[in-house]
Amino acid sequence: MKKTTESSSVYNSLETMSTLDLLSNMNNEDKSVPLAIEKEIPKIHLFIDTCFARMKNGGRLFYIGAGTSGRLGIVDASECPPTFGVAQGVVVGIIAGGDSAIRKAVEFAEDDTEQGWIDLQNYSINPNDTLVGIAASGSTPYVLGAIEKAKEMGVLTAGISCNPDSPLSLSVDFPITPEVGPEFVTGSTRMKSGTAQKLVLNMISTSLMIKLGHVKGNRMVDMQLSNNKLIDRGVRMILEVLDISYEEAEELLKVNGSVRKSIESYKA
């Protein structure tokens, strides 16, 4: 399999470039990422609609990956409860090597074909759930082993990789493969590949949360009010929707505890 993610950079002698040239060339490469994702939107669309059908009936969304890919899945999953008010465990991120690998690389964790499925069994994954494998190369054994077992169990599967016809793309129900080409620093998939994966994850989780009813208009009405900034944002959401004073909105939020309940109680 040809891995474009491992192909030699189209730039050379990076150490001789000026800071301005380094930044300009990296930026030029980054511009290609949204265009690569645009080509994958039909596949992302089909996946989201299929996943939504399961999630609206109580299914969960799992991300699994190693290294940068695993960290990106964990970031996306961890932001769903505070942003959209969903319960912990509705969207779950799993990384090879466990939680310690979020901060520090765990050697050879990604090479274990059995551990991914073992990690998923800790969550009692079942056929109503969805599993997204994330691997820039599309060949990470930890991810591939988990996907194989999940498919045997009837779990819906998708894969986010950046190499066409990779083992991951060929094994999942919904392959999502933004081909971003060689990295600015050869093989450094934390760059364009990581950016592409992050943008696709944004699309998946945000679209699903909107379809599940956690956004009204353009507002995060179920967000957790976990600090003063978010409380102020919630007050302003309420006053904009109801056309009332800041003080009235603040009192509503204090009494009801959420933006959604404040708006519903006022309209009632």
# chains A, B, ... in the order shown; residues from 1 in each chain; ligands from 1

$ closest_atom_pairs --of "region 54-150 of chain A" --to "region 190-209 of chain A" --cutoff "10 Å" --atoms "only C-alpha atoms" --output "tab-separated table"
residue	atom	partner	partner_atom	distance
A:Met55	CA	A:Leu208	CA	8.4
A:Lys56	CA	A:Leu208	CA	9.5
A:Leu61	CA	A:Ser205	CA	9.0
A:Tyr63	CA	A:Leu201	CA	9.5
A:Gly67	CA	A:Arg190	CA	9.2
A:Thr68	CA	A:Arg190	CA	6.2
A:Ser69	CA	A:Gly194	CA	6.9
A:Arg71	CA	A:Gly194	CA	10.0
A:Leu72	CA	A:Lys198	CA	6.3
A:Gly73	CA	A:Leu201	CA	7.5
A:Val75	CA	A:Lys198	CA	9.2
A:Asp76	CA	A:Leu201	CA	6.7
A:Ala77	CA	A:Ser205	CA	8.1
A:Glu79	CA	A:Ser205	CA	9.5
A:Cys80	CA	A:Ser205	CA	7.6
A:Thr83	CA	A:Met209	CA	9.5
A:Phe84	CA	A:Met209	CA	6.8
A:Gly85	CA	A:Met209	CA	9.5
A:Val86	CA	A:Met209	CA	8.6
A:Val91	CA	A:Ser205	CA	8.5
A:Val132	CA	A:Leu201	CA	9.7
A:Ile134	CA	A:Gln197	CA	7.7
A:Ala135	CA	A:Gln197	CA	8.7
A:Ala136	CA	A:Ser193	CA	6.0
A:Ser137	CA	A:Ser193	CA	9.0

$ residues_around --residues "Phe62 (chain A)" --least-positions-apart "5" --cutoff "6 Å" --atoms "only C-alpha atoms" --output "ChimeraX atom specification"
/A:91-93,131

$ write_last_selection --atoms "C-alpha atoms" --output "mmCIF file, in the first residue's frame"
data_model
loop_
_atom_site.group_PDB
_atom_site.id
_atom_site.type_symbol
_atom_site.label_atom_id
_atom_site.label_comp_id
_atom_site.auth_asym_id
_atom_site.auth_seq_id
_atom_site.Cartn_x
_atom_site.Cartn_y
_atom_site.Cartn_z
ATOM 1 C CA VAL A 91 -19.332 9.943 23.260
ATOM 2 C CA VAL A 92 -16.211 8.069 24.351
ATOM 3 C CA GLY A 93 -12.587 8.474 23.272
ATOM 4 C CA LEU A 131 -17.069 2.852 16.483
#

$ atom_distance --atom1 "CA of Asn12 (chain A)" --atom2 "CA of Gly181 (chain A)"
15.5 Å

$ residues_around --residues "region 240-252 of chain A" --least-positions-apart "2" --cutoff "12 Å" --atoms "only C-alpha atoms" --output "JSON, numbers by chain"
{"A": [216, 217, 218, 219, 221, 228, 231, 232, 233, 234, 235, 236, 237, 238, 254, 255, 256, 257, 258, 259, 260, 261, 262, 263, 264, 265, 266, 267, 268]}

$ residues_around --residues "Ser8 (chain A)" --least-positions-apart "2" --cutoff "10 Å" --atoms "only C-alpha atoms" --output "list of chain:residue names"
A:Thr4, A:Thr5, A:Glu6, A:Val10, A:Tyr11, A:Asn12, A:Gly181, A:Pro182, A:Glu183, A:Phe184, A:Val185, A:Thr186, A:Gly187

$ select_by_dssp --residues "region 46-248 of chain A" --states "strand (DSSP E)" --output "PyMOL selection string"
chain A and resi 61-65+91-95+130-134+156-160+174-176

$ residues_around --residues "Leu156 (chain A)" --least-positions-apart "5" --cutoff "10 Å" --atoms "only C-alpha atoms" --output "PyMOL selection string"
chain A and resi 47+50-51+54+61+126-132+147+150-151+172-174
